[in-house]
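Structure file entry-v1.tsv (TSV, C-alpha atoms and all ligand atoms) follows.
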chain	number	residue	atom	x	y	z
A	1136	MET	CA	-33.83	-29.83	-25.74
A	1137	THR	CA	-30.18	-28.76	-26.18
A	1138	ASP	CA	-27.18	-30.84	-25.05
A	1139	THR	CA	-26.49	-28.27	-22.32
A	1140	GLU	CA	-30.02	-28.55	-20.95
A	1141	MET	CA	-29.73	-32.36	-20.90
A	1142	PHE	CA	-26.36	-32.08	-19.16
A	1143	CYS	CA	-27.83	-29.73	-16.55
A	1144	ASP	CA	-30.81	-32.03	-15.96
A	1145	LYS	CA	-28.48	-35.01	-15.50
A	1146	ASN	CA	-26.36	-33.12	-12.97
A	1147	SER	CA	-29.19	-31.25	-11.20
A	1148	ILE	CA	-27.86	-27.85	-12.28
A	1149	PRO	CA	-30.69	-25.29	-12.45
A	1150	TYR	CA	-31.07	-23.40	-15.73
A	1151	GLN	CA	-33.41	-20.95	-17.39
A	1152	LYS	CA	-34.22	-20.50	-21.07
A	1153	ASN	CA	-34.73	-17.14	-22.79
A	1154	LEU	CA	-33.55	-14.89	-20.00
A	1155	SER	CA	-34.04	-11.19	-20.73
A	1156	THR	CA	-30.89	-9.19	-19.95
A	1157	LYS	CA	-33.13	-6.19	-19.31
A	1158	SER	CA	-34.53	-8.02	-16.31
A	1159	ILE	CA	-31.17	-9.08	-14.85
A	1160	SER	CA	-28.92	-6.06	-15.46
A	1161	THR	CA	-28.87	-2.81	-13.49
A	1162	PHE	CA	-28.65	-0.98	-16.85
A	1163	LYS	CA	-31.94	-2.67	-17.96
A	1164	ILE	CA	-30.59	-2.99	-21.50
A	1165	GLY	CA	-30.01	-5.77	-24.01
A	1166	GLY	CA	-31.46	-8.81	-25.69
A	1167	VAL	CA	-32.30	-12.35	-24.75
A	1168	ILE	CA	-29.92	-15.03	-23.52
A	1169	PRO	CA	-31.05	-18.39	-24.91
A	1170	LEU	CA	-29.77	-20.28	-21.87
A	1171	ALA	CA	-28.50	-19.27	-18.42
A	1172	VAL	CA	-27.20	-21.84	-15.93
A	1173	PHE	CA	-27.14	-21.41	-12.17
A	1174	PRO	CA	-24.49	-23.68	-10.57
A	1175	LEU	CA	-24.94	-24.30	-6.84
A	1176	ASN	CA	-21.26	-24.73	-6.01
A	1177	ALA	CA	-17.71	-25.16	-7.33
A	1178	ASP	CA	-18.36	-28.81	-8.32
A	1179	HIS	CA	-21.19	-27.69	-10.59
A	1180	ALA	CA	-19.08	-24.88	-12.04
A	1181	ALA	CA	-16.23	-27.35	-12.71
A	1182	LEU	CA	-18.58	-29.80	-14.44
A	1183	LEU	CA	-19.96	-27.00	-16.62
A	1184	ILE	CA	-16.54	-25.71	-17.68
A	1185	ARG	CA	-15.38	-29.22	-18.64
A	1186	PHE	CA	-18.58	-29.80	-20.58
A	1187	PHE	CA	-18.36	-26.45	-22.40
A	1188	LYS	CA	-14.70	-27.04	-23.22
A	1189	THR	CA	-15.27	-30.56	-24.57
A	1190	ASN	CA	-18.24	-29.44	-26.65
A	1191	ASN	CA	-16.78	-26.15	-27.81
A	1192	ILE	CA	-19.64	-24.14	-26.30
A	1193	LYS	CA	-19.07	-20.43	-25.63
A	1194	TYR	CA	-19.81	-19.20	-22.12
A	1195	LYS	CA	-19.61	-16.05	-20.02
A	1196	THR	CA	-19.95	-15.58	-16.27
A	1197	ALA	CA	-22.01	-12.94	-14.50
A	1198	GLY	CA	-22.79	-12.04	-10.92
A	1199	ASN	CA	-25.35	-9.30	-10.33
A	1200	CYS	CA	-24.80	-7.73	-13.79
A	1201	SER	CA	-24.17	-4.29	-12.28
A	1202	ASN	CA	-21.09	-3.67	-14.40
A	1203	ILE	CA	-22.21	-5.21	-17.69
A	1204	LEU	CA	-23.66	-3.69	-20.85
A	1205	PHE	CA	-25.44	-6.50	-22.66
A	1206	SER	CA	-25.71	-6.09	-26.43
A	1207	ASP	CA	-29.13	-5.99	-28.08
A	1208	GLU	CA	-28.51	-8.98	-30.36
A	1209	LYS	CA	-29.41	-12.58	-29.55
A	1210	LYS	CA	-26.51	-14.15	-27.66
A	1211	ASP	CA	-24.43	-17.05	-28.95
A	1212	TYR	CA	-23.15	-18.06	-25.50
A	1213	VAL	CA	-24.44	-19.71	-22.34
A	1214	LEU	CA	-24.46	-17.39	-19.33
A	1215	ILE	CA	-23.17	-18.84	-16.06
A	1216	LYS	CA	-24.97	-16.86	-13.37
A	1217	THR	CA	-23.65	-17.20	-9.83
A	1218	ASP	CA	-26.79	-16.33	-7.80
A	1219	ASN	CA	-27.11	-19.84	-6.35
A	1220	MET	CA	-23.56	-19.93	-4.97
A	1221	ASN	CA	-24.79	-18.32	-1.78
A	1222	SER	CA	-23.21	-20.20	1.14
A	1223	LEU	CA	-22.36	-17.96	4.11
A	1224	VAL	CA	-20.41	-18.73	7.27
A	1225	VAL	CA	-19.03	-16.32	9.86
A	1226	ASP	CA	-15.99	-17.69	11.67
A	1227	LYS	CA	-14.69	-15.20	14.27
A	1228	ASP	CA	-13.33	-12.30	12.18
A	1229	ARG	CA	-13.72	-14.06	8.82
A	1230	ILE	CA	-16.70	-14.28	6.51
A	1231	ILE	CA	-16.61	-17.25	4.16
A	1232	THR	CA	-19.01	-16.44	1.36
A	1233	GLY	CA	-20.22	-17.97	-1.88
A	1234	ALA	CA	-19.49	-15.79	-4.93
A	1235	GLY	CA	-23.15	-15.13	-5.61
A	1236	ASN	CA	-23.95	-13.33	-2.36
A	1237	LEU	CA	-24.44	-9.60	-2.76
A	1238	LEU	CA	-21.87	-7.29	-1.16
A	1239	SER	CA	-24.75	-5.54	0.64
A	1240	LYS	CA	-25.67	-8.84	2.34
A	1241	ILE	CA	-22.04	-9.40	3.38
A	1242	SER	CA	-21.80	-5.84	4.71
A	1243	SER	CA	-24.98	-6.40	6.76
A	1244	THR	CA	-23.61	-9.73	8.02
A	1245	ALA	CA	-20.40	-7.95	9.04
A	1246	LEU	CA	-22.42	-5.35	10.92
A	1247	LYS	CA	-24.46	-8.00	12.76
A	1248	SER	CA	-21.22	-9.79	13.65
A	1249	HIS	CA	-19.61	-6.54	14.87
A	1250	LEU	CA	-16.98	-6.76	12.14
A	1251	SER	CA	-15.47	-3.64	10.58
A	1252	GLY	CA	-13.77	-3.17	7.18
A	1253	MET	CA	-16.62	-3.29	4.68
A	1254	GLU	CA	-18.40	-0.05	5.53
A	1255	ASN	CA	-17.11	1.93	2.53
A	1256	LEU	CA	-18.06	-0.86	0.14
A	1257	TYR	CA	-21.66	-0.86	1.34
A	1258	GLY	CA	-23.89	0.24	-1.51
A	1259	ILE	CA	-21.83	-1.23	-4.35
A	1260	PRO	CA	-24.57	-3.26	-6.05
A	1261	GLY	CA	-22.40	-6.24	-7.01
A	1262	SER	CA	-21.94	-9.85	-5.97
A	1263	VAL	CA	-18.88	-10.99	-4.04
A	1264	GLY	CA	-17.51	-12.75	-7.16
A	1265	GLY	CA	-17.97	-9.66	-9.33
A	1266	ALA	CA	-16.39	-7.49	-6.65
A	1267	VAL	CA	-13.35	-9.79	-6.43
A	1268	ILE	CA	-12.95	-9.91	-10.22
A	1269	MET	CA	-13.23	-6.11	-10.51
A	1270	ASN	CA	-11.43	-5.36	-7.22
A	1271	ALA	CA	-14.40	-3.11	-6.56
A	1272	GLY	CA	-13.75	-0.13	-4.34
A	1273	ALA	CA	-15.10	3.12	-2.98
A	1274	TYR	CA	-14.12	5.94	-0.65
A	1275	GLY	CA	-10.56	4.68	-0.17
A	1276	SER	CA	-11.45	1.02	0.44
A	1277	GLU	CA	-11.26	-1.84	-2.02
A	1278	MET	CA	-11.72	-5.60	-2.01
A	1279	SER	CA	-7.94	-6.17	-2.10
A	1280	GLN	CA	-7.75	-4.94	1.52
A	1281	ILE	CA	-10.12	-7.58	2.88
A	1282	VAL	CA	-9.94	-10.61	0.57
A	1283	GLU	CA	-7.79	-13.31	2.13
A	1284	GLU	CA	-8.42	-16.32	-0.07
A	1285	THR	CA	-10.52	-17.19	-3.12
A	1286	GLU	CA	-11.74	-20.50	-4.49
A	1287	TYR	CA	-12.21	-20.58	-8.26
A	1288	VAL	CA	-12.58	-22.97	-11.16
A	1289	ASP	CA	-9.87	-22.59	-13.79
A	1290	ASN	CA	-10.32	-22.82	-17.55
A	1291	LYS	CA	-9.69	-26.59	-17.49
A	1292	GLY	CA	-12.43	-27.19	-14.95
A	1293	ASP	CA	-10.12	-27.71	-11.95
A	1294	ILE	CA	-11.04	-26.21	-8.56
A	1295	ARG	CA	-8.21	-24.04	-7.23
A	1296	ILE	CA	-7.43	-21.71	-4.35
A	1297	VAL	CA	-5.57	-18.41	-4.57
A	1298	SER	CA	-4.37	-16.49	-1.49
A	1299	GLY	CA	-3.18	-13.00	-0.61
A	1300	GLU	CA	-0.89	-11.33	-3.13
A	1301	ALA	CA	-1.45	-14.03	-5.72
A	1302	HIS	CA	-4.80	-12.34	-6.46
A	1303	CYS	CA	-2.62	-9.65	-8.19
A	1304	PHE	CA	-5.15	-6.99	-7.31
A	1305	GLY	CA	-4.74	-3.64	-9.06
A	1306	TYR	CA	-7.05	-0.78	-9.92
A	1307	ARG	CA	-10.29	-2.56	-10.99
A	1308	TYR	CA	-8.11	-5.59	-11.77
A	1309	SER	CA	-7.44	-9.11	-10.45
A	1310	CYS	CA	-5.60	-12.20	-11.70
A	1311	PHE	CA	-8.63	-14.05	-13.03
A	1312	SER	CA	-9.24	-14.57	-16.75
A	1313	ASP	CA	-12.69	-14.42	-18.30
A	1314	ARG	CA	-12.60	-18.24	-18.65
A	1315	GLU	CA	-12.44	-18.72	-14.87
A	1316	ILE	CA	-15.24	-18.68	-12.29
A	1317	VAL	CA	-14.84	-17.36	-8.78
A	1318	THR	CA	-16.89	-19.61	-6.50
A	1319	LYS	CA	-16.07	-18.69	-2.90
A	1320	THR	CA	-14.08	-16.08	-0.98
A	1321	ILE	CA	-12.78	-15.61	2.54
A	1322	ILE	CA	-13.08	-12.02	3.72
A	1323	LYS	CA	-11.00	-11.05	6.75
A	1324	LEU	CA	-12.29	-8.17	8.86
A	1325	ASN	CA	-11.53	-6.62	12.25
A	1326	SER	CA	-13.71	-6.64	15.30
A	1327	GLY	CA	-15.45	-3.29	15.75
A	1328	ASN	CA	-18.20	-1.45	17.53
A	1329	TYR	CA	-21.74	-2.05	16.19
A	1330	GLN	CA	-22.85	1.60	16.47
A	1331	ASP	CA	-19.67	2.92	14.81
A	1332	ILE	CA	-19.99	0.47	11.92
A	1333	ARG	CA	-23.66	1.31	11.47
A	1334	GLU	CA	-23.02	5.05	11.46
A	1335	LYS	CA	-20.28	4.69	8.84
A	1336	MET	CA	-22.57	2.60	6.65
A	1337	THR	CA	-25.38	5.15	6.94
A	1338	LEU	CA	-22.97	7.94	6.01
A	1339	VAL	CA	-21.67	6.06	2.98
A	1340	ILE	CA	-25.20	5.46	1.67
A	1341	ALA	CA	-26.05	9.13	2.15
A	1342	LYS	CA	-22.90	10.11	0.19
A	1343	ARG	CA	-23.88	7.77	-2.64
A	1344	LYS	CA	-27.44	9.06	-2.78
A	1345	ALA	CA	-26.20	12.64	-2.90
A	1346	SER	CA	-23.64	12.10	-5.66
A	1347	GLN	CA	-24.91	9.22	-7.85
A	1348	PRO	CA	-28.04	8.85	-10.03
A	1349	LEU	CA	-29.32	5.84	-8.07
A	1350	GLU	CA	-32.89	6.56	-9.13
A	1351	MET	CA	-32.11	5.64	-12.77
A	1352	PRO	CA	-30.81	2.42	-14.35
A	1353	SER	CA	-27.03	2.46	-14.95
A	1354	ALA	CA	-23.93	0.31	-14.64
A	1355	GLY	CA	-22.09	2.70	-12.33
A	1356	SER	CA	-19.00	4.59	-13.53
A	1357	VAL	CA	-18.59	3.83	-17.21
A	1358	PHE	CA	-14.89	4.72	-17.37
A	1359	MET	CA	-11.85	3.89	-15.29
A	1360	ARG	CA	-10.16	6.74	-13.48
A	1361	PRO	CA	-7.40	8.04	-15.79
A	1362	GLU	CA	-4.17	8.73	-13.92
A	1363	GLY	CA	-4.18	12.25	-12.52
A	1364	TYR	CA	-7.79	13.01	-13.50
A	1365	PHE	CA	-11.40	12.15	-12.71
A	1366	ALA	CA	-13.38	10.84	-15.68
A	1367	GLY	CA	-16.58	12.56	-14.50
A	1368	LYS	CA	-14.89	15.97	-14.25
A	1369	LEU	CA	-13.35	15.67	-17.75
A	1370	ILE	CA	-16.74	14.71	-19.22
A	1371	GLU	CA	-18.48	17.55	-17.38
A	1372	ASP	CA	-15.83	20.01	-18.59
A	1373	CYS	CA	-16.62	18.95	-22.17
A	1374	GLY	CA	-20.17	20.17	-21.52
A	1375	LEU	CA	-21.59	16.69	-21.91
A	1376	LYS	CA	-23.73	16.50	-18.75
A	1377	GLY	CA	-27.27	15.69	-19.91
A	1378	PHE	CA	-26.12	14.89	-23.47
A	1379	SER	CA	-28.10	11.97	-24.94
A	1380	VAL	CA	-27.96	9.45	-27.74
A	1381	GLY	CA	-31.41	7.91	-27.97
A	1382	ASP	CA	-32.38	7.12	-24.39
A	1383	ALA	CA	-28.78	6.83	-23.16
A	1384	MET	CA	-27.77	10.01	-21.33
A	1385	VAL	CA	-24.73	11.35	-19.50
A	1386	SER	CA	-26.13	11.71	-15.98
A	1387	THR	CA	-26.83	15.28	-14.92
A	1388	LYS	CA	-25.90	14.28	-11.35
A	1389	HIS	CA	-22.58	12.51	-12.04
A	1390	ALA	CA	-21.05	12.80	-15.52
A	1391	GLY	CA	-19.11	9.54	-15.04
A	1392	PHE	CA	-22.41	7.64	-15.20
A	1393	ILE	CA	-24.48	6.91	-18.30
A	1394	VAL	CA	-28.13	6.40	-17.38
A	1395	ASN	CA	-30.95	4.68	-19.24
A	1396	LYS	CA	-33.88	7.08	-19.59
A	1397	GLY	CA	-36.20	4.17	-20.42
A	1398	LYS	CA	-35.63	2.52	-23.79
A	1399	ALA	CA	-31.88	2.87	-24.30
A	1400	THR	CA	-30.28	0.23	-26.51
A	1401	SER	CA	-26.73	-1.02	-26.14
A	1402	ASN	CA	-25.94	0.71	-29.45
A	1403	ASP	CA	-27.14	4.02	-27.96
A	1404	VAL	CA	-24.74	3.52	-25.04
A	1405	LYS	CA	-21.83	2.45	-27.28
A	1406	HIS	CA	-22.39	5.45	-29.54
A	1407	LEU	CA	-22.48	7.78	-26.52
A	1408	ILE	CA	-19.30	6.21	-25.13
A	1409	ASN	CA	-17.53	6.88	-28.47
A	1410	ILE	CA	-18.64	10.51	-28.47
A	1411	ILE	CA	-17.46	11.00	-24.87
A	1412	GLN	CA	-14.11	9.33	-25.57
A	1413	SER	CA	-13.40	11.41	-28.65
A	1414	GLN	CA	-14.48	14.73	-27.11
A	1415	VAL	CA	-12.42	14.14	-23.95
A	1416	TYR	CA	-9.42	13.13	-26.07
A	1417	ASP	CA	-9.76	16.15	-28.37
A	1418	LYS	CA	-10.09	18.60	-25.47
A	1419	PHE	CA	-7.70	17.12	-22.89
A	1420	GLY	CA	-5.61	14.51	-24.73
A	1421	VAL	CA	-6.79	11.89	-22.21
A	1422	LYS	CA	-7.87	8.43	-23.37
A	1423	LEU	CA	-10.82	7.16	-21.34
A	1424	GLU	CA	-10.92	3.38	-20.99
A	1425	THR	CA	-14.23	1.69	-20.19
A	1426	GLU	CA	-14.67	0.03	-16.81
A	1427	ILE	CA	-17.96	-1.61	-17.77
A	1428	ARG	CA	-17.79	-4.98	-19.51
A	1429	ILE	CA	-19.56	-5.37	-22.84
A	1430	PHE	CA	-21.21	-8.81	-23.29
B	1	LIG	C1	-25.25	2.47	-9.09
B	1	LIG	C2	-23.92	1.76	-9.18
B	1	LIG	C3	-22.88	2.13	-8.35
B	1	LIG	C4	-21.65	1.47	-8.44
B	1	LIG	N1	-20.65	1.86	-7.60
B	1	LIG	C5	-19.47	1.24	-7.66
B	1	LIG	C6	-18.40	1.62	-6.80
B	1	LIG	O1	-18.52	2.49	-5.96
B	1	LIG	N2	-17.22	0.97	-6.92
B	1	LIG	C7	-17.02	-0.04	-7.82
B	1	LIG	O2	-15.93	-0.61	-7.86
B	1	LIG	N3	-18.02	-0.43	-8.65
B	1	LIG	C8	-19.22	0.17	-8.60
B	1	LIG	N4	-20.22	-0.22	-9.44
B	1	LIG	C9	-19.96	-1.25	-10.45
B	1	LIG	C10	-20.27	-2.70	-10.00
B	1	LIG	O3	-21.28	-2.71	-9.01
B	1	LIG	C11	-19.03	-3.42	-9.49
B	1	LIG	O4	-18.04	-3.52	-10.48
B	1	LIG	C12	-19.34	-4.82	-8.97
B	1	LIG	O5	-18.22	-5.34	-8.34
B	1	LIG	C13	-19.74	-5.79	-10.10
B	1	LIG	O6	-20.24	-6.98	-9.49
B	1	LIG	P1	-21.33	-7.86	-10.24
B	1	LIG	O7	-21.59	-9.06	-9.44
B	1	LIG	O8	-22.51	-7.04	-10.59
B	1	LIG	O9	-20.52	-8.26	-11.53
B	1	LIG	P2	-21.07	-8.35	-13.02
B	1	LIG	O10	-21.48	-7.01	-13.49
B	1	LIG	O11	-22.05	-9.44	-13.11
B	1	LIG	O12	-19.74	-8.78	-13.79
B	1	LIG	C14	-18.64	-7.90	-13.86
B	1	LIG	C15	-17.43	-8.68	-14.39
B	1	LIG	O13	-17.08	-9.68	-13.43
B	1	LIG	C16	-17.19	-10.99	-13.99
B	1	LIG	N5	-17.74	-11.85	-12.94
B	1	LIG	C17	-18.77	-11.59	-12.10
B	1	LIG	N6	-18.90	-12.59	-11.20
B	1	LIG	C18	-17.95	-13.50	-11.50
B	1	LIG	C19	-17.56	-14.74	-10.93
B	1	LIG	N7	-18.16	-15.26	-9.87
B	1	LIG	N8	-16.54	-15.42	-11.51
B	1	LIG	C20	-15.90	-14.91	-12.59
B	1	LIG	N9	-16.22	-13.75	-13.17
B	1	LIG	C21	-17.23	-13.05	-12.62
B	1	LIG	C22	-18.06	-10.86	-15.22
B	1	LIG	O14	-17.73	-11.84	-16.18
B	1	LIG	C23	-17.72	-9.44	-15.68
B	1	LIG	O15	-16.55	-9.45	-16.45
B	1	LIG	C24	-21.47	0.42	-9.38
B	1	LIG	C25	-22.53	0.04	-10.21
B	1	LIG	C26	-23.75	0.70	-10.12
B	1	LIG	C27	-24.89	0.26	-11.00

Would you kindly transcribe this structure into structure tokens?
Ligand SMILES: Cc1cc2nc3c(=O)[nH]c(=O)nc-3n(C[C@H](O)[C@H](O)[C@H](O)COP(=O)(O)OP(=O)(O)OC[C@H]3O[C@@H](n4cnc5c(N)ncnc54)[C@H](O)[C@@H]3O)c2cc1C
Amino acid sequence: MTDTEMFCDKNSIPYQKNLSTKSISTFKIGGVIPLAVFPLNADHAALLIRFFKTNNIKYKTAGNCSNILFSDEKKDYVLIKTDNMNSLVVDKDRIITGAGNLLSKISSTALKSHLSGMENLYGIPGSVGGAVIMNAGAYGSEMSQIVEETEYVDNKGDIRIVSGEAHCFGYRYSCFSDREIVTKTIIKLNSGNYQDIREKMTLVIAKRKASQPLEMPSAGSVFMRPEGYFAGKLIEDCGLKGFSVGDAMVSTKHAGFIVNKGKATSNDVKHLINIIQSQVYDKFGVKLETEIRIF
């Protein structure tokens, strides 16, 4: 038994050994994580960070793994997975949610509570924590417009609160470093009409189904939107729709997505990313930066 497992046992922190990243990621790619820990709350997360720091143990944090490409090799870090941080309270026009809850669950909660403001984000397959970190957005809405306050554990293991502009939200960007763990967020919405909210949500899902390859494993848009362009259009204009390396393929439905045809490896995806980046640069002089995180 490793020191981390003993520490988790002592502090009643759930953990799992030999977790396959194929089973936890939307891309269905990657190797095995020797140990994943599932803190229940900020106190657990704080204990873990202090323990990892003291013992020089590498760690990474993940929510629903919908924006992560896991490498094929055996991992040398402990994965902190936020699934169990799933508290949920509705207080008038605010939803106070643990970082591990899925955005879809929060959108449904908002609908049931007749709260408007999350409709366009419905269908993003991430957790609240991942959506805050990435400032996830769609169809003109983004997390920055509705996040009021966030509780997180800093890299020393102290529990802190950040409010409003101090989140420093930008395009797919927030103030948090990769050593910090988002544990809880307050989302502020507006009261709305149930039918209107439901109709908007239905429309948004229909738009996604029509334009995105939701029937195949992926991690969403691989690249950030370069200023003045759309990554998908540039890739399509290079004639790369349907182009494959191994089982990793540029989606024929949306060229901004790379899909896994079945047995794609992370090296297939990385190789394909390099080809896309160099062809787009050669043809248009535009540097595509990856949005997905490589673990
Ligand atoms: C089909 C599909 C469609 C998508 N559509 C969209 C879209 O429309 N708009 C959009 O913005 N994104 C989209 N995405 C990408 C993805 O869903 C979002 O980026 C989402 O916010 C990631 O959340 P997650 O919980 O899956 O994060 P993960 O993928 O688990 O992690 C992403 C990053 O956040 C960090 N992280 C996650 N949780 C925490 C936490 N609690 N504390 C600290 N760090 C954390 C991780 O370390 C990592 O760096 C799509 C993905 C797919 C597969």

Let me have all residues with an atom within 7 Å of ligand LIG 1 (chain B), counting all atoms listed in the file, laid out as a PyMOL selection string.
chain A and resi 1161+1195-1203+1217+1234-1235+1256+1259-1273+1307+1313+1315-1318+1347+1349+1353-1356+1428

For Lys1209 in chain A: contacts at 8 Å, all atoms listed in the file, fewer than 4 positions along chain excluded, given as a list of chain:residue names
A:Gly1166, A:Val1167, A:Ile1168, A:Pro1169

Minimum-distance residue to Gly1397 in chain A, chosen among A:Ala1177, A:Val1213, A:Ala1171, A:Ile1164 (using all atoms listed in the file)
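Distance minimum relative to Gly1397 in chain A lands on A:Ile1164.
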
What's around Pro1352 in chain A at 9 Å? Count only C-alpha atoms, leave out sequence neighbours fewer than 5 positions away in its own chain, and write the answer as an NGL selection string.
:A and (1160-1164 or 1393-1397)

Go ahead and save the residues from that selection, with C-alpha atoms, as a short mmCIF file (atom, residue, chain, number, x, y, z; two decimals), keeping the file's coordinate frame.
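Contents of the output file selection.cif:
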data_model
loop_
_atom_site.label_atom_id
_atom_site.label_comp_id
_atom_site.auth_asym_id
_atom_site.auth_seq_id
_atom_site.Cartn_x
_atom_site.Cartn_y
_atom_site.Cartn_z
CA SER A 1160 -28.92 -6.06 -15.46
CA THR A 1161 -28.87 -2.81 -13.49
CA PHE A 1162 -28.65 -0.98 -16.85
CA LYS A 1163 -31.94 -2.67 -17.96
CA ILE A 1164 -30.59 -2.99 -21.50
CA ILE A 1393 -24.48 6.91 -18.30
CA VAL A 1394 -28.13 6.40 -17.38
CA ASN A 1395 -30.95 4.68 -19.24
CA LYS A 1396 -33.88 7.08 -19.59
CA GLY A 1397 -36.20 4.17 -20.42
#

Pairwise distance, CA of Tyr1416 in chain A with CA of Gly1381 in chain A, equals 22.7 Å

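Take CA of Ile1332 in chain A and CA of Ser1251 in chain A: the distance between them is 6.3 Å.
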
Using only C-alpha atoms, find the one residue out of A:Ser1155, A:Asn1255, A:Ser1243, A:Ser1298 that sits nearest to Lys1342 in chain A.
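The shortest atom-to-atom distance to Lys1342 in chain A comes from A:Asn1255.
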
Quote the spacing between CA of Leu1324 in chain A and CA of Ile1281 in chain A in Å to one decimal place.
6.4 Å
